[in-house]
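All remarks here apply to the structure that follows.
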Amino acid sequence: MASWLPETLFEIVGQGPAPSKDYYQLLVTRFQVIFRWWKISLRSEYRSTKPGETKETHEDFLEKSHLQVQIALIFGSRILDYVFNLCEGKFDFLERLSDSLLLNIISYLDLEDIARLSQTSRRFAKLCMSDELWEQIVRSSCDHITPDMRALAQDMGWRQMYFTNKLQLQRHLRKRKQRQGSQRSSQL
């Protein structure tokens, strides 16, 4: 595995399927799969049960089915597939990039590509709709952003500002200046 990867590759916690109240943690490190559980019960015979932990190397996890069944039952088949991929060294490197770096990369995409990317995951949908991204896009397409334009973008959002035509923007700016002028004169 790449040495720049963090020690913990993946972590998820959850409760067992109903009617169980047991609590589980799955941790995938660079070299191990760690599965922990805590029995939670009102029944007296389970009150003294101590938490448990199973540690397996990636290779052992890929071969053993008992832990795989537990993970699928508690966390679902998607999580099991993801853990398999991590153990096989298949990483989703885009998921590991910071939001600011992804926003910088996305800002260079065509509008059609941004629309398609926003449909791939919740994280990308959020990033593709963010004001930070659209501010970068507006800055790259405009020569100069005046303080009035910046204030208007704060009011209406950078994305809306980008898709609004120039005549409408000029009308919005004029109305904004008129409102500010009437507010100032009423305060005097």
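Naming scheme: A, B, ... for chains in displayed order of the structure tokens; residues 1 onward per chain; ligands 1 onward as shown.
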**Request:** Just list the residues in region 58-134 of chain A DSSP gives helix (DSSP H, G or I) on the backbone, as a ChimeraX atom specification.
**Result:** /A:58-63,66-75,77-87,93-96,99-106,111-117,122-129,131-134
**Request:** Find the residues around Val28 (chain A) up to 9 Å (only C-alpha atoms counted), leave out those fewer than 4 positions away in its own chain, and share them as a PyMOL selection string.
**Result:** chain A and resi 7-11+32-35+58+83+86-87
Residues from the last selection, all heavy atoms, saved as an mmCIF file, in the first residue's frame:
data_model
loop_
_atom_site.group_PDB
_atom_site.id
_atom_site.type_symbol
_atom_site.label_atom_id
_atom_site.label_comp_id
_atom_site.auth_asym_id
_atom_site.auth_seq_id
_atom_site.Cartn_x
_atom_site.Cartn_y
_atom_site.Cartn_z
ATOM 1 N N GLU A 7 -3.148 5.855 8.633
ATOM 2 C CA GLU A 7 -3.204 4.547 9.285
ATOM 3 C C GLU A 7 -4.618 3.967 9.221
ATOM 4 O O GLU A 7 -4.801 2.796 8.936
ATOM 5 C CB GLU A 7 -2.731 4.662 10.736
ATOM 6 C CG GLU A 7 -2.710 3.337 11.484
ATOM 7 C CD GLU A 7 -1.816 2.278 10.846
ATOM 8 O OE1 GLU A 7 -0.792 2.625 10.241
ATOM 9 O OE2 GLU A 7 -2.169 1.083 10.947
ATOM 10 N N THR A 8 -5.622 4.792 9.486
ATOM 11 C CA THR A 8 -7.012 4.336 9.429
ATOM 12 C C THR A 8 -7.577 4.669 8.055
ATOM 13 O O THR A 8 -7.704 5.834 7.689
ATOM 14 C CB THR A 8 -7.866 5.016 10.520
ATOM 15 O OG1 THR A 8 -7.311 4.696 11.790
ATOM 16 C CG2 THR A 8 -9.306 4.548 10.453
ATOM 17 N N LEU A 9 -7.941 3.637 7.301
ATOM 18 C CA LEU A 9 -8.488 3.832 5.961
ATOM 19 C C LEU A 9 -9.994 4.026 5.981
ATOM 20 O O LEU A 9 -10.544 4.736 5.145
ATOM 21 C CB LEU A 9 -8.153 2.619 5.083
ATOM 22 C CG LEU A 9 -6.681 2.281 4.906
ATOM 23 C CD1 LEU A 9 -6.518 1.005 4.105
ATOM 24 C CD2 LEU A 9 -5.959 3.438 4.241
ATOM 25 N N PHE A 10 -10.652 3.384 6.940
ATOM 26 C CA PHE A 10 -12.113 3.436 6.975
ATOM 27 C C PHE A 10 -12.581 3.078 8.379
ATOM 28 O O PHE A 10 -12.000 2.215 9.031
ATOM 29 C CB PHE A 10 -12.687 2.437 5.962
ATOM 30 C CG PHE A 10 -14.187 2.379 5.928
ATOM 31 C CD1 PHE A 10 -14.930 3.429 5.445
ATOM 32 C CD2 PHE A 10 -14.849 1.258 6.394
ATOM 33 C CE1 PHE A 10 -16.317 3.366 5.419
ATOM 34 C CE2 PHE A 10 -16.229 1.187 6.367
ATOM 35 C CZ PHE A 10 -16.967 2.246 5.876
ATOM 36 N N GLU A 11 -13.644 3.759 8.812
ATOM 37 C CA GLU A 11 -14.226 3.450 10.117
ATOM 38 C C GLU A 11 -15.724 3.693 10.034
ATOM 39 O O GLU A 11 -16.174 4.683 9.466
ATOM 40 C CB GLU A 11 -13.629 4.325 11.200
ATOM 41 C CG GLU A 11 -14.196 4.034 12.572
ATOM 42 C CD GLU A 11 -13.546 4.862 13.670
ATOM 43 O OE1 GLU A 11 -12.762 5.774 13.356
ATOM 44 O OE2 GLU A 11 -13.828 4.577 14.841
ATOM 45 N N GLN A 32 -4.811 -4.126 8.795
ATOM 46 C CA GLN A 32 -5.740 -5.000 9.509
ATOM 47 C C GLN A 32 -7.186 -4.573 9.312
ATOM 48 O O GLN A 32 -7.466 -3.413 9.017
ATOM 49 C CB GLN A 32 -5.474 -4.964 11.022
ATOM 50 C CG GLN A 32 -4.201 -5.616 11.453
ATOM 51 C CD GLN A 32 -4.084 -5.573 12.972
ATOM 52 O OE1 GLN A 32 -4.359 -4.549 13.588
ATOM 53 N NE2 GLN A 32 -3.691 -6.685 13.563
ATOM 54 N N VAL A 33 -8.072 -5.557 9.539
ATOM 55 C CA VAL A 33 -9.500 -5.302 9.669
ATOM 56 C C VAL A 33 -9.823 -5.586 11.132
ATOM 57 O O VAL A 33 -9.558 -6.676 11.632
ATOM 58 C CB VAL A 33 -10.336 -6.208 8.743
ATOM 59 C CG1 VAL A 33 -11.825 -5.986 8.975
ATOM 60 C CG2 VAL A 33 -9.973 -5.959 7.286
ATOM 61 N N ILE A 34 -10.366 -4.590 11.829
ATOM 62 C CA ILE A 34 -10.670 -4.733 13.258
ATOM 63 C C ILE A 34 -12.177 -4.596 13.431
ATOM 64 O O ILE A 34 -12.779 -3.605 12.995
ATOM 65 C CB ILE A 34 -9.936 -3.661 14.092
ATOM 66 C CG1 ILE A 34 -8.426 -3.743 13.839
ATOM 67 C CG2 ILE A 34 -10.263 -3.817 15.573
ATOM 68 C CD1 ILE A 34 -7.642 -2.567 14.391
ATOM 69 N N PHE A 35 -12.768 -5.591 14.060
ATOM 70 C CA PHE A 35 -14.209 -5.624 14.299
ATOM 71 C C PHE A 35 -14.429 -5.691 15.802
ATOM 72 O O PHE A 35 -13.935 -6.598 16.468
ATOM 73 C CB PHE A 35 -14.808 -6.856 13.599
ATOM 74 C CG PHE A 35 -16.298 -6.932 13.670
ATOM 75 C CD1 PHE A 35 -17.086 -6.088 12.915
ATOM 76 C CD2 PHE A 35 -16.918 -7.873 14.478
ATOM 77 C CE1 PHE A 35 -18.470 -6.167 12.967
ATOM 78 C CE2 PHE A 35 -18.292 -7.956 14.542
ATOM 79 C CZ PHE A 35 -19.073 -7.100 13.787
ATOM 80 N N HIS A 58 -5.469 -8.233 6.199
ATOM 81 C CA HIS A 58 -6.285 -8.106 4.992
ATOM 82 C C HIS A 58 -6.404 -9.440 4.267
ATOM 83 O O HIS A 58 -7.490 -9.796 3.794
ATOM 84 C CB HIS A 58 -5.699 -7.054 4.054
ATOM 85 C CG HIS A 58 -5.835 -5.662 4.575
ATOM 86 N ND1 HIS A 58 -5.460 -4.569 3.837
ATOM 87 C CD2 HIS A 58 -6.310 -5.167 5.739
ATOM 88 C CE1 HIS A 58 -5.692 -3.466 4.521
ATOM 89 N NE2 HIS A 58 -6.200 -3.808 5.685
ATOM 90 N N VAL A 83 -14.974 -2.618 1.901
ATOM 91 C CA VAL A 83 -13.888 -3.176 2.713
ATOM 92 C C VAL A 83 -13.069 -4.166 1.890
ATOM 93 O O VAL A 83 -11.838 -4.193 1.980
ATOM 94 C CB VAL A 83 -14.446 -3.817 4.004
ATOM 95 C CG1 VAL A 83 -13.365 -4.568 4.760
ATOM 96 C CG2 VAL A 83 -15.073 -2.753 4.894
ATOM 97 N N LEU A 86 -10.742 -2.142 -0.218
ATOM 98 C CA LEU A 86 -9.625 -1.617 0.578
ATOM 99 C C LEU A 86 -8.598 -2.706 0.857
ATOM 100 O O LEU A 86 -7.394 -2.464 0.760
ATOM 101 C CB LEU A 86 -10.142 -1.026 1.887
ATOM 102 C CG LEU A 86 -10.942 0.270 1.789
ATOM 103 C CD1 LEU A 86 -11.465 0.670 3.172
ATOM 104 C CD2 LEU A 86 -10.110 1.383 1.192
ATOM 105 N N CYS A 87 -9.067 -3.896 1.220
ATOM 106 C CA CYS A 87 -8.147 -4.999 1.529
ATOM 107 C C CYS A 87 -7.379 -5.464 0.299
ATOM 108 O O CYS A 87 -6.266 -5.977 0.413
ATOM 109 C CB CYS A 87 -8.915 -6.170 2.135
ATOM 110 S SG CYS A 87 -9.528 -5.834 3.794
#
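If only C-alpha atoms are the atoms counted, then among A:Arg139, A:Met129, A:His144, A:Ala18 the closest residue to Gly157 (chain A) is A:Met129.
The shortest atom-to-atom distance to Leu27 (chain A), with only C-alpha atoms taken into account, belongs to A:Thr54 out of A:Ser182, A:Thr146, A:Thr54, A:Gln119.
Taking only C-alpha atoms into account, Gln25 (chain A) lies nearest to A:Phe75 out of the set A:Phe61, A:Tyr82, A:Phe75, A:Phe124.
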**Request:** Using DSSP on the backbone, list every residue of chain A that comes out as strand (DSSP E), and give them as a PyMOL selection string.
**Result:** chain A and resi 8-15+23-29+32-38+52-57
